[in-house]
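Here the structure comes first, spelled out in structure tokens, and everything after it is commentary.
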Amino acid sequence: MSSPHNALLPPDVSGRFGLPASRIWLNAAHQGALPRIAAEQARRAIEWKLDPARMTPERFAAVPLDLKKALGTLLGVPAEEIILTNGASYGVHLLANGLPLRSGDEVIVMDGDFPSNVLPWLGLREQGVVVRVLRPADEVLSAGEIEQALTPRTRGVCVSWVHSFSGRRLDISAIGSLCRERGAWLAVNATQILGARPLDVASEPVDAVVAAGWKWLCGPYGTGLAWLREPLRRTLRYNQAYWLASQTQASLGLERPEIVIPEPGEARRYDVFATANFFNFVPFRASVELLLEIGLEPVRCHIDTLVARLISGLDTARLRLVSREDPGERTSLVVVSHRDPARNPELYGRLSSAGIHVALRRGRIRVSPHLYNTADQIDRVVSVLRDEP
Ligand SMILES: Cc1ncc(COP(=O)(O)O)c(C=O)c1O
């Protein structure tokens with residue numbers, strides 16, 4: 001069957017990535033492919049380092065600022081509210097180590113969530129903070145389960161927006177509204193959704209968003225972002241005073257440079273060190289700008305079409321869909337399991353042998369198509385999954 005082209009995407013979209021024709025990469029939930037334009041920009045940054053005179057003070061200043069502009073547009077928040085990080089874990093640690101939590105205060109996390117959302121809080125138990133690891137009845141926590149668990153001592157909830165291991169989306173609007181009613185904050189890890197569909201985080205009832213940049217945002221490994229809504233950001237008490245957040249490269253030449261320490265509420269105070277991080281942040285910006293240029297709505301639409309094709313091709317007599325079937329609840333992660341789960345590694349092996357790269361996560365098969373994948377590639381997956389000996 002030939003690939004019907006998604007009219008909303010540019011006709012040459014796969015060609016804008018460097019994926020080899022001999023392989024099918026359907027694992028954006030692990031690593032999104034780097035666009036060619038980002039690779040070109042990375043080479044440009046390497047040229048600057050080959051001839052360090054080109055690493056000008058202007059470039060030191062512009063690299064983080066331009067990246068923040070792109071990420072601010074992506075999230076629908078002002079650029080100066082973006083915190084540059086090297087992954088999702090950085091942002092969760094910033095919250096866990098910086099928010100004013102006292103002995104007896106409670107934080108709710110989800111059992112089975114991606115470890116980045118759970119581990120940074122567990123260390124607070126030594127200080128008497130009660131970290132409640134709630135077990136969901138069905139893959140991810142419902143708003144009702146969180147409602148039951150909230151107490152007057154609950155300070156906040158930290159969960160994924162889309163769960164890496166089941167592909168299920170949490171009802172962030174409902175959970176956030178509940179948290180607001182009860183005076184608790186909601187921190188969300190958007191790694192598995194940001195870049196796969198449009199998000200207007202400012203209009204959602206969330207207080208903090210963290211994400212890694214190397215999955216749906218197609219950036220290099222070691223990139224990421226955090227955003228904290230202003231009232232929460234103002235409560236952060238985290239001793240960080242990186243010199244490049246307070247002055248510039250150029251100011252080093254001055255006899256008495258002015259040092260302006262950012263206020264605790266200012267996002268730039270919490271940027272990861274080496275904010276100009278040329279080799280990573282220059283291509284990261286190019287990746288994000290490419291997504292913005294193409295548009296997140298066309299990207300969502302393309303992914304949804306591929307996901308629908310995959311789901312409708314599954315032999316449900318043998319395979320069980322772990323992620324949601326209902327079109328309104330689908331995400332860009334399709335998780336399936338053989339009805340005899342012991343056979344999942346064998347299924348995964350057959351896909352690998354056919355040159356199809358998916359993920360085996362928590363013993364199940366995860367397929368995660370992005371804008372560079374095609375309907376033909378999905379048909380190959382369907383045919384290998386059906387072709388059971
Ligand atoms: C939800 C989620 N958060 C975080 C990460 C990784 O980011 P980090 O290594 O910064 O925790 C992943 C995937 O690796 C993920 O799926």
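Ordered as shown in the structure tokens, chains take letters A, B, and onward, while each chain numbers its residues from 1 and ligands are numbered from 1 in the order shown.
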
Close residues to ligand 1 using only C-alpha atoms and all ligand atoms, limit 10 Å, as an mmCIF file with all heavy atoms, in the first residue's frame:
data_model
loop_
_atom_site.group_PDB
_atom_site.id
_atom_site.type_symbol
_atom_site.label_atom_id
_atom_site.label_comp_id
_atom_site.auth_asym_id
_atom_site.auth_seq_id
_atom_site.Cartn_x
_atom_site.Cartn_y
_atom_site.Cartn_z
ATOM 1 N N ALA A 28 10.710 7.504 18.790
ATOM 2 C CA ALA A 28 10.912 8.896 19.212
ATOM 3 C C ALA A 28 10.763 9.051 20.718
ATOM 4 O O ALA A 28 11.306 9.981 21.306
ATOM 5 C CB ALA A 28 9.925 9.814 18.497
ATOM 6 N N ALA A 29 10.012 8.139 21.358
ATOM 7 C CA ALA A 29 9.839 8.236 22.801
ATOM 8 C C ALA A 29 11.157 7.958 23.526
ATOM 9 O O ALA A 29 11.310 8.266 24.706
ATOM 10 C CB ALA A 29 8.763 7.261 23.271
ATOM 11 N N HIS A 30 12.123 7.377 22.791
ATOM 12 C CA HIS A 30 13.474 7.184 23.343
ATOM 13 C C HIS A 30 14.400 8.290 22.833
ATOM 14 O O HIS A 30 14.985 9.039 23.614
ATOM 15 C CB HIS A 30 13.984 5.801 22.949
ATOM 16 C CG HIS A 30 15.456 5.606 23.141
ATOM 17 N ND1 HIS A 30 16.112 5.977 24.289
ATOM 18 C CD2 HIS A 30 16.418 5.088 22.321
ATOM 19 C CE1 HIS A 30 17.402 5.693 24.167
ATOM 20 N NE2 HIS A 30 17.601 5.168 22.984
ATOM 21 N N GLN A 31 14.490 8.436 21.498
ATOM 22 C CA GLN A 31 15.310 9.474 20.871
ATOM 23 C C GLN A 31 14.596 9.916 19.602
ATOM 24 O O GLN A 31 14.354 9.101 18.704
ATOM 25 C CB GLN A 31 16.679 8.917 20.440
ATOM 26 C CG GLN A 31 17.617 8.540 21.553
ATOM 27 C CD GLN A 31 18.292 9.739 22.218
ATOM 28 O OE1 GLN A 31 18.433 10.816 21.642
ATOM 29 N NE2 GLN A 31 18.699 9.551 23.458
ATOM 30 N N THR A 85 17.803 23.650 30.657
ATOM 31 C CA THR A 85 18.288 22.520 31.457
ATOM 32 C C THR A 85 18.951 21.493 30.542
ATOM 33 O O THR A 85 19.020 21.684 29.328
ATOM 34 C CB THR A 85 17.127 21.836 32.227
ATOM 35 O OG1 THR A 85 16.346 21.060 31.303
ATOM 36 C CG2 THR A 85 16.214 22.834 32.930
ATOM 37 N N ASN A 86 19.414 20.425 31.154
ATOM 38 C CA ASN A 86 20.024 19.359 30.346
ATOM 39 C C ASN A 86 19.149 18.101 30.342
ATOM 40 O O ASN A 86 19.628 17.017 30.029
ATOM 41 C CB ASN A 86 21.442 19.055 30.845
ATOM 42 C CG ASN A 86 21.462 18.761 32.334
ATOM 43 O OD1 ASN A 86 20.415 18.541 32.945
ATOM 44 N ND2 ASN A 86 22.640 18.752 32.927
ATOM 45 N N GLY A 87 17.896 18.239 30.689
ATOM 46 C CA GLY A 87 16.992 17.087 30.682
ATOM 47 C C GLY A 87 15.825 17.368 31.602
ATOM 48 O O GLY A 87 15.705 18.469 32.165
ATOM 49 N N ALA A 88 14.979 16.377 31.774
ATOM 50 C CA ALA A 88 13.819 16.549 32.663
ATOM 51 C C ALA A 88 14.238 16.508 34.132
ATOM 52 O O ALA A 88 13.702 17.221 34.972
ATOM 53 C CB ALA A 88 12.785 15.472 32.383
ATOM 54 N N SER A 89 15.222 15.653 34.433
ATOM 55 C CA SER A 89 15.630 15.461 35.834
ATOM 56 C C SER A 89 16.095 16.750 36.482
ATOM 57 O O SER A 89 15.873 16.976 37.676
ATOM 58 C CB SER A 89 16.763 14.432 35.914
ATOM 59 O OG SER A 89 16.228 13.147 35.765
ATOM 60 N N TYR A 90 16.752 17.595 35.713
ATOM 61 C CA TYR A 90 17.245 18.868 36.253
ATOM 62 C C TYR A 90 16.087 19.664 36.858
ATOM 63 O O TYR A 90 16.169 20.175 37.968
ATOM 64 C CB TYR A 90 17.936 19.664 35.146
ATOM 65 C CG TYR A 90 18.511 20.997 35.585
ATOM 66 C CD1 TYR A 90 19.865 21.127 35.873
ATOM 67 C CD2 TYR A 90 17.698 22.127 35.713
ATOM 68 C CE1 TYR A 90 20.392 22.346 36.280
ATOM 69 C CE2 TYR A 90 18.223 23.343 36.121
ATOM 70 C CZ TYR A 90 19.570 23.448 36.400
ATOM 71 O OH TYR A 90 20.082 24.657 36.797
ATOM 72 N N GLY A 91 15.004 19.781 36.113
ATOM 73 C CA GLY A 91 13.862 20.577 36.573
ATOM 74 C C GLY A 91 13.209 19.966 37.805
ATOM 75 O O GLY A 91 12.801 20.687 38.714
ATOM 76 N N VAL A 92 13.104 18.638 37.837
ATOM 77 C CA VAL A 92 12.459 18.003 39.005
ATOM 78 C C VAL A 92 13.349 18.193 40.243
ATOM 79 O O VAL A 92 12.858 18.447 41.346
ATOM 80 C CB VAL A 92 12.139 16.508 38.752
ATOM 81 C CG1 VAL A 92 11.373 15.919 39.938
ATOM 82 C CG2 VAL A 92 11.323 16.321 37.476
ATOM 83 N N HIS A 93 14.666 18.108 40.044
ATOM 84 C CA HIS A 93 15.565 18.363 41.181
ATOM 85 C C HIS A 93 15.463 19.805 41.663
ATOM 86 O O HIS A 93 15.521 20.067 42.867
ATOM 87 C CB HIS A 93 17.015 18.034 40.801
ATOM 88 C CG HIS A 93 17.329 16.580 40.895
ATOM 89 N ND1 HIS A 93 17.135 15.703 39.866
ATOM 90 C CD2 HIS A 93 17.781 15.847 41.939
ATOM 91 C CE1 HIS A 93 17.466 14.485 40.265
ATOM 92 N NE2 HIS A 93 17.857 14.549 41.512
ATOM 93 N N ASP A 113 5.799 5.462 37.515
ATOM 94 C CA ASP A 113 6.085 6.597 36.635
ATOM 95 C C ASP A 113 7.557 6.525 36.194
ATOM 96 O O ASP A 113 8.352 5.757 36.768
ATOM 97 C CB ASP A 113 5.828 7.915 37.400
ATOM 98 C CG ASP A 113 5.533 9.081 36.454
ATOM 99 O OD1 ASP A 113 5.763 8.937 35.231
ATOM 100 O OD2 ASP A 113 5.082 10.134 36.934
ATOM 101 N N PHE A 114 7.925 7.343 35.221
ATOM 102 C CA PHE A 114 9.328 7.393 34.832
ATOM 103 C C PHE A 114 10.139 7.823 36.056
ATOM 104 O O PHE A 114 9.732 8.745 36.769
ATOM 105 C CB PHE A 114 9.542 8.364 33.655
ATOM 106 C CG PHE A 114 10.849 8.106 32.975
ATOM 107 C CD1 PHE A 114 10.957 7.140 31.996
ATOM 108 C CD2 PHE A 114 11.989 8.795 33.362
ATOM 109 C CE1 PHE A 114 12.181 6.859 31.401
ATOM 110 C CE2 PHE A 114 13.214 8.525 32.773
ATOM 111 C CZ PHE A 114 13.309 7.561 31.787
ATOM 112 N N PRO A 115 11.295 7.162 36.321
ATOM 113 C CA PRO A 115 12.003 7.411 37.585
ATOM 114 C C PRO A 115 12.375 8.874 37.830
ATOM 115 O O PRO A 115 12.478 9.299 38.989
ATOM 116 C CB PRO A 115 13.268 6.549 37.477
ATOM 117 C CG PRO A 115 13.130 5.718 36.250
ATOM 118 C CD PRO A 115 11.875 6.084 35.528
ATOM 119 N N SER A 116 12.540 9.665 36.771
ATOM 120 C CA SER A 116 12.915 11.083 36.971
ATOM 121 C C SER A 116 11.883 11.836 37.796
ATOM 122 O O SER A 116 12.203 12.865 38.389
ATOM 123 C CB SER A 116 13.015 11.823 35.631
ATOM 124 O OG SER A 116 13.541 11.045 34.631
ATOM 125 N N ASN A 117 10.630 11.362 37.791
ATOM 126 C CA ASN A 117 9.570 12.059 38.511
ATOM 127 C C ASN A 117 9.455 11.608 39.965
ATOM 128 O O ASN A 117 8.703 12.202 40.728
ATOM 129 C CB ASN A 117 8.204 11.816 37.849
ATOM 130 C CG ASN A 117 8.180 12.310 36.434
ATOM 131 O OD1 ASN A 117 8.993 13.142 36.062
ATOM 132 N ND2 ASN A 117 7.279 11.779 35.633
ATOM 133 N N LEU A 119 12.401 9.726 41.853
ATOM 134 C CA LEU A 119 13.655 9.691 42.618
ATOM 135 C C LEU A 119 14.029 11.013 43.283
ATOM 136 O O LEU A 119 14.438 11.015 44.443
ATOM 137 C CB LEU A 119 14.812 9.217 41.712
ATOM 138 C CG LEU A 119 14.726 7.765 41.254
ATOM 139 C CD1 LEU A 119 15.863 7.430 40.286
ATOM 140 C CD2 LEU A 119 14.782 6.844 42.461
ATOM 141 N N PRO A 120 13.927 12.168 42.600
ATOM 142 C CA PRO A 120 14.392 13.403 43.252
ATOM 143 C C PRO A 120 13.651 13.718 44.551
ATOM 144 O O PRO A 120 14.182 14.396 45.414
ATOM 145 C CB PRO A 120 14.114 14.490 42.195
ATOM 146 C CG PRO A 120 14.078 13.759 40.893
ATOM 147 C CD PRO A 120 13.488 12.411 41.214
ATOM 148 N N VAL A 159 3.826 14.418 38.309
ATOM 149 C CA VAL A 159 3.508 13.270 37.445
ATOM 150 C C VAL A 159 3.885 13.565 35.995
ATOM 151 O O VAL A 159 4.112 14.712 35.623
ATOM 152 C CB VAL A 159 1.990 12.926 37.480
ATOM 153 C CG1 VAL A 159 1.593 12.257 38.778
ATOM 154 C CG2 VAL A 159 1.134 14.158 37.216
ATOM 155 N N SER A 160 3.898 12.523 35.171
ATOM 156 C CA SER A 160 4.093 12.688 33.728
ATOM 157 C C SER A 160 2.804 13.164 33.094
ATOM 158 O O SER A 160 1.709 12.815 33.555
ATOM 159 C CB SER A 160 4.429 11.329 33.074
ATOM 160 O OG SER A 160 5.716 10.929 33.404
ATOM 161 N N TRP A 161 2.917 13.872 31.989
ATOM 162 C CA TRP A 161 1.718 14.244 31.216
ATOM 163 C C TRP A 161 1.303 13.012 30.399
ATOM 164 O O TRP A 161 0.141 12.607 30.414
ATOM 165 C CB TRP A 161 2.050 15.416 30.298
ATOM 166 C CG TRP A 161 0.876 16.247 29.909
ATOM 167 C CD1 TRP A 161 -0.349 15.789 29.520
ATOM 168 C CD2 TRP A 161 0.803 17.680 29.877
ATOM 169 N NE1 TRP A 161 -1.170 16.855 29.242
ATOM 170 C CE2 TRP A 161 -0.494 18.034 29.454
ATOM 171 C CE3 TRP A 161 1.713 18.706 30.158
ATOM 172 C CZ2 TRP A 161 -0.895 19.363 29.288
ATOM 173 C CZ3 TRP A 161 1.313 20.014 29.996
ATOM 174 C CH2 TRP A 161 0.016 20.337 29.568
ATOM 175 N N VAL A 162 2.277 12.417 29.723
ATOM 176 C CA VAL A 162 2.040 11.143 29.034
ATOM 177 C C VAL A 162 3.023 10.139 29.633
ATOM 178 O O VAL A 162 4.218 10.417 29.746
ATOM 179 C CB VAL A 162 2.262 11.280 27.510
ATOM 180 C CG1 VAL A 162 2.307 9.910 26.832
ATOM 181 C CG2 VAL A 162 1.157 12.139 26.883
ATOM 182 N N HIS A 163 2.486 9.000 30.015
ATOM 183 C CA HIS A 163 3.275 7.994 30.719
ATOM 184 C C HIS A 163 4.138 7.205 29.725
ATOM 185 O O HIS A 163 3.614 6.604 28.775
ATOM 186 C CB HIS A 163 2.295 7.057 31.460
ATOM 187 C CG HIS A 163 2.937 6.014 32.292
ATOM 188 N ND1 HIS A 163 2.469 4.726 32.358
ATOM 189 C CD2 HIS A 163 4.019 6.062 33.104
ATOM 190 C CE1 HIS A 163 3.221 4.027 33.176
ATOM 191 N NE2 HIS A 163 4.165 4.821 33.642
ATOM 192 N N SER A 164 5.448 7.195 29.975
ATOM 193 C CA SER A 164 6.407 6.567 29.056
ATOM 194 C C SER A 164 6.153 5.072 28.844
ATOM 195 O O SER A 164 6.506 4.531 27.808
ATOM 196 C CB SER A 164 7.828 6.705 29.612
ATOM 197 O OG SER A 164 8.079 7.998 30.059
ATOM 198 N N PHE A 165 5.594 4.387 29.844
ATOM 199 C CA PHE A 165 5.551 2.924 29.770
ATOM 200 C C PHE A 165 4.193 2.357 29.343
ATOM 201 O O PHE A 165 4.088 1.173 29.037
ATOM 202 C CB PHE A 165 5.964 2.334 31.125
ATOM 203 C CG PHE A 165 7.305 2.832 31.583
ATOM 204 C CD1 PHE A 165 7.481 3.397 32.838
ATOM 205 C CD2 PHE A 165 8.403 2.755 30.731
ATOM 206 C CE1 PHE A 165 8.725 3.871 33.243
ATOM 207 C CE2 PHE A 165 9.653 3.226 31.128
ATOM 208 C CZ PHE A 165 9.810 3.788 32.382
ATOM 209 N N VAL A 188 4.464 18.896 36.155
ATOM 210 C CA VAL A 188 4.203 17.915 35.113
ATOM 211 C C VAL A 188 5.449 17.702 34.260
ATOM 212 O O VAL A 188 6.089 18.662 33.823
ATOM 213 C CB VAL A 188 3.035 18.402 34.222
ATOM 214 C CG1 VAL A 188 2.779 17.420 33.105
ATOM 215 C CG2 VAL A 188 1.779 18.560 35.040
ATOM 216 N N ASN A 189 5.755 16.450 34.012
ATOM 217 C CA ASN A 189 6.850 16.111 33.110
ATOM 218 C C ASN A 189 6.243 15.915 31.711
ATOM 219 O O ASN A 189 5.508 14.966 31.467
ATOM 220 C CB ASN A 189 7.517 14.822 33.611
ATOM 221 C CG ASN A 189 8.708 14.430 32.753
ATOM 222 O OD1 ASN A 189 8.797 14.819 31.589
ATOM 223 N ND2 ASN A 189 9.608 13.658 33.320
ATOM 224 N N ALA A 190 6.571 16.858 30.821
ATOM 225 C CA ALA A 190 5.954 16.867 29.480
ATOM 226 C C ALA A 190 6.863 16.242 28.425
ATOM 227 O O ALA A 190 6.629 16.417 27.227
ATOM 228 C CB ALA A 190 5.612 18.303 29.094
ATOM 229 N N THR A 191 7.862 15.490 28.864
ATOM 230 C CA THR A 191 8.837 14.930 27.916
ATOM 231 C C THR A 191 8.165 14.154 26.790
ATOM 232 O O THR A 191 8.585 14.236 25.643
ATOM 233 C CB THR A 191 9.813 13.996 28.675
ATOM 234 O OG1 THR A 191 10.494 14.773 29.654
ATOM 235 C CG2 THR A 191 10.823 13.359 27.744
ATOM 236 N N GLN A 192 7.113 13.390 27.113
ATOM 237 C CA GLN A 192 6.523 12.509 26.104
ATOM 238 C C GLN A 192 5.329 13.143 25.380
ATOM 239 O O GLN A 192 4.542 12.450 24.757
ATOM 240 C CB GLN A 192 6.108 11.171 26.744
ATOM 241 C CG GLN A 192 7.276 10.354 27.285
ATOM 242 C CD GLN A 192 8.247 9.864 26.198
ATOM 243 O OE1 GLN A 192 8.074 10.120 25.007
ATOM 244 N NE2 GLN A 192 9.282 9.141 26.616
ATOM 245 N N ILE A 193 5.222 14.445 25.446
ATOM 246 C CA ILE A 193 4.139 15.109 24.709
ATOM 247 C C ILE A 193 4.620 16.381 24.005
ATOM 248 O O ILE A 193 4.144 16.701 22.909
ATOM 249 C CB ILE A 193 2.922 15.387 25.640
ATOM 250 C CG1 ILE A 193 1.718 15.877 24.838
ATOM 251 C CG2 ILE A 193 3.245 16.349 26.750
ATOM 252 C CD1 ILE A 193 0.411 15.917 25.627
ATOM 253 N N VAL A 210 8.437 20.339 33.148
ATOM 254 C CA VAL A 210 9.825 20.000 32.824
ATOM 255 C C VAL A 210 9.786 19.086 31.601
ATOM 256 O O VAL A 210 8.777 18.405 31.358
ATOM 257 C CB VAL A 210 10.537 19.267 33.988
ATOM 258 C CG1 VAL A 210 10.503 20.100 35.260
ATOM 259 C CG2 VAL A 210 9.924 17.891 34.241
ATOM 260 N N ALA A 211 10.861 19.083 30.829
ATOM 261 C CA ALA A 211 10.907 18.163 29.678
ATOM 262 C C ALA A 211 12.345 17.958 29.237
ATOM 263 O O ALA A 211 13.182 18.864 29.355
ATOM 264 C CB ALA A 211 10.082 18.717 28.511
ATOM 265 N N ALA A 212 12.602 16.770 28.719
ATOM 266 C CA ALA A 212 13.868 16.491 28.052
ATOM 267 C C ALA A 212 13.700 16.904 26.587
ATOM 268 O O ALA A 212 12.595 16.830 26.042
ATOM 269 C CB ALA A 212 14.192 14.997 28.156
ATOM 270 N N GLY A 213 14.797 17.328 25.961
ATOM 271 C CA GLY A 213 14.698 17.878 24.609
ATOM 272 C C GLY A 213 15.028 16.915 23.491
ATOM 273 O O GLY A 213 14.973 17.289 22.321
ATOM 274 N N TRP A 214 15.386 15.676 23.817
ATOM 275 C CA TRP A 214 15.913 14.790 22.771
ATOM 276 C C TRP A 214 14.913 13.758 22.269
ATOM 277 O O TRP A 214 15.275 12.808 21.599
ATOM 278 C CB TRP A 214 17.185 14.093 23.252
ATOM 279 C CG TRP A 214 17.040 13.280 24.499
ATOM 280 C CD1 TRP A 214 16.657 11.973 24.584
ATOM 281 C CD2 TRP A 214 17.305 13.703 25.846
ATOM 282 N NE1 TRP A 214 16.649 11.561 25.897
ATOM 283 C CE2 TRP A 214 17.056 12.595 26.693
ATOM 284 C CE3 TRP A 214 17.734 14.902 26.420
ATOM 285 C CZ2 TRP A 214 17.217 12.653 28.068
ATOM 286 C CZ3 TRP A 214 17.892 14.957 27.796
ATOM 287 C CH2 TRP A 214 17.628 13.856 28.608
ATOM 288 N N LYS A 215 13.653 13.951 22.634
ATOM 289 C CA LYS A 215 12.642 12.988 22.174
ATOM 290 C C LYS A 215 11.788 13.667 21.103
ATOM 291 O O LYS A 215 12.206 13.803 19.969
ATOM 292 C CB LYS A 215 11.853 12.474 23.357
ATOM 293 C CG LYS A 215 12.780 11.682 24.296
ATOM 294 C CD LYS A 215 12.184 11.379 25.612
ATOM 295 C CE LYS A 215 13.203 10.788 26.555
ATOM 296 N NZ LYS A 215 13.467 9.373 26.353
ATOM 297 N N TYR A 221 20.954 14.881 22.743
ATOM 298 C CA TYR A 221 20.899 14.353 24.107
ATOM 299 C C TYR A 221 21.572 15.367 25.039
ATOM 300 O O TYR A 221 22.616 15.924 24.700
ATOM 301 C CB TYR A 221 21.630 13.001 24.178
ATOM 302 C CG TYR A 221 21.557 12.388 25.545
ATOM 303 C CD1 TYR A 221 20.360 11.893 26.028
ATOM 304 C CD2 TYR A 221 22.683 12.321 26.356
ATOM 305 C CE1 TYR A 221 20.270 11.344 27.298
ATOM 306 C CE2 TYR A 221 22.610 11.777 27.623
ATOM 307 C CZ TYR A 221 21.397 11.291 28.086
ATOM 308 O OH TYR A 221 21.305 10.760 29.345
ATOM 309 N N GLY A 222 20.976 15.600 26.197
ATOM 310 C CA GLY A 222 21.564 16.567 27.140
ATOM 311 C C GLY A 222 20.957 17.949 26.997
ATOM 312 O O GLY A 222 21.582 18.947 27.339
ATOM 313 N N THR A 223 19.736 18.007 26.472
ATOM 314 C CA THR A 223 19.029 19.288 26.358
ATOM 315 C C THR A 223 17.687 19.167 27.083
ATOM 316 O O THR A 223 17.176 18.057 27.263
ATOM 317 C CB THR A 223 18.758 19.657 24.883
ATOM 318 O OG1 THR A 223 18.057 18.566 24.257
ATOM 319 C CG2 THR A 223 20.038 19.925 24.119
ATOM 320 N N GLY A 224 17.132 20.284 27.470
ATOM 321 C CA GLY A 224 15.827 20.238 28.135
ATOM 322 C C GLY A 224 15.412 21.612 28.608
ATOM 323 O O GLY A 224 16.099 22.613 28.361
ATOM 324 N N LEU A 225 14.274 21.645 29.279
ATOM 325 C CA LEU A 225 13.748 22.925 29.744
ATOM 326 C C LEU A 225 12.887 22.722 30.976
ATOM 327 O O LEU A 225 12.426 21.602 31.259
ATOM 328 C CB LEU A 225 12.887 23.564 28.646
ATOM 329 C CG LEU A 225 11.627 22.773 28.302
ATOM 330 C CD1 LEU A 225 10.396 23.595 28.597
ATOM 331 C CD2 LEU A 225 11.659 22.352 26.868
#

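All residues of protein, DNA or RNA that reach within 12 Å of Thr316 (chain A), judged by only C-alpha atoms and not counting those fewer than 4 positions away in the chain, are Leu310, Ile311, Ser312, Arg320, Leu321, Val322, Glu325, Val336, Ser337, His338, Arg339, Val382, Leu385 and Arg386 of chain A.
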
Write to file, as a CSV table (one decimal), in the first residue's frame, the residues of the selection just made, with C-alpha atoms.
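Resulting contents of result-v2.csv:
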chain,number,residue,atom,x,y,z
A,310,LEU,CA,-1.2,1.1,13.5
A,311,ILE,CA,-4.1,0.6,15.9
A,312,SER,CA,-6.5,-0.5,13.2
A,320,ARG,CA,-3.7,-6.3,23.6
A,321,LEU,CA,-3.5,-2.5,23.3
A,322,VAL,CA,-2.1,-1.1,26.5
A,325,GLU,CA,-7.9,3.0,21.7
A,336,VAL,CA,1.0,-3.3,22.8
A,337,SER,CA,1.4,-6.6,24.5
A,338,HIS,CA,1.0,-10.1,23.3
A,339,ARG,CA,-1.9,-11.8,25.1
A,382,VAL,CA,1.6,-4.2,11.1
A,385,LEU,CA,3.3,-8.2,14.0
A,386,ARG,CA,0.7,-10.2,12.0

Residues within 12 Å of Arg23 (chain A), please, as a ChimeraX atom specification. Count only C-alpha atoms; anything in the same chain fewer than 5 positions from it doesn't count.
/A:18,351-358,373,377,380-381

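Interatomic distance, CA of Leu99 (chain A) to CA of Glu126 (chain A): 15.6 Å.
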
Show me, as a PDB file with N, CA and C atoms, in the first residue's frame, the residues that have an atom within 10 Å of Val118 (chain A) when counting only C-alpha atoms, minus same-chain residues fewer than 6 positions from it.
ATOM      1  N   SER A  89      15.222  15.653  34.433  1.00  0.00           N
ATOM      2  CA  SER A  89      15.630  15.461  35.834  1.00  0.00           C
ATOM      3  C   SER A  89      16.095  16.750  36.482  1.00  0.00           C
ATOM      4  N   VAL A  92      13.104  18.638  37.837  1.00  0.00           N
ATOM      5  CA  VAL A  92      12.459  18.003  39.005  1.00  0.00           C
ATOM      6  C   VAL A  92      13.349  18.193  40.243  1.00  0.00           C
ATOM      7  N   ILE A 108       2.908  14.020  46.351  1.00  0.00           N
ATOM      8  CA  ILE A 108       2.354  12.810  45.735  1.00  0.00           C
ATOM      9  C   ILE A 108       3.035  12.542  44.403  1.00  0.00           C
ATOM     10  N   VAL A 109       3.506  11.322  44.212  1.00  0.00           N
ATOM     11  CA  VAL A 109       4.050  10.883  42.927  1.00  0.00           C
ATOM     12  C   VAL A 109       3.368   9.555  42.564  1.00  0.00           C
ATOM     13  N   MET A 110       3.656   9.081  41.352  1.00  0.00           N
ATOM     14  CA  MET A 110       2.936   7.891  40.869  1.00  0.00           C
ATOM     15  C   MET A 110       3.861   6.665  40.825  1.00  0.00           C
ATOM     16  N   ASP A 111       3.405   5.598  41.413  1.00  0.00           N
ATOM     17  CA  ASP A 111       4.155   4.341  41.335  1.00  0.00           C
ATOM     18  C   ASP A 111       4.185   3.901  39.866  1.00  0.00           C
ATOM     19  N   GLY A 112       5.355   3.522  39.365  1.00  0.00           N
ATOM     20  CA  GLY A 112       5.462   3.084  37.973  1.00  0.00           C
ATOM     21  C   GLY A 112       5.702   4.228  37.004  1.00  0.00           C
ATOM     22  N   VAL A 131       6.710  11.393  51.194  1.00  0.00           N
ATOM     23  CA  VAL A 131       6.574  11.205  49.743  1.00  0.00           C
ATOM     24  C   VAL A 131       5.657  10.010  49.537  1.00  0.00           C
ATOM     25  N   ARG A 132       4.467  10.273  49.001  1.00  0.00           N
ATOM     26  CA  ARG A 132       3.479   9.198  48.849  1.00  0.00           C
ATOM     27  C   ARG A 132       3.518   8.706  47.412  1.00  0.00           C
ATOM     28  N   VAL A 133       3.934   7.455  47.256  1.00  0.00           N
ATOM     29  CA  VAL A 133       4.057   6.871  45.924  1.00  0.00           C
ATOM     30  C   VAL A 133       2.771   6.085  45.662  1.00  0.00           C
ATOM     31  N   CYS A 158       3.549  15.500  41.507  1.00  0.00           N
ATOM     32  CA  CYS A 158       4.489  15.512  40.378  1.00  0.00           C
ATOM     33  C   CYS A 158       4.271  14.249  39.543  1.00  0.00           C
ATOM     34  N   VAL A 159       3.826  14.418  38.309  1.00  0.00           N
ATOM     35  CA  VAL A 159       3.508  13.270  37.445  1.00  0.00           C
ATOM     36  C   VAL A 159       3.885  13.565  35.995  1.00  0.00           C
TER      37      VAL A 159
END

Could you pull the residues within 12 Å of region 172-179 of chain A, counting only C-alpha atoms, minus those fewer than 5 positions along the same chain, as a PyMOL selection string?
chain A and resi 107-108+140-152+154-163+184-190+199-209

So that I can see what lies close to Arg324 (chain A), please list as a ChimeraX atom specification the residues with an atom at most 10 Å from it, counting only C-alpha atoms and leaving out residues fewer than 4 positions away in the same chain.
/A:166-169,311,328-331,333-335
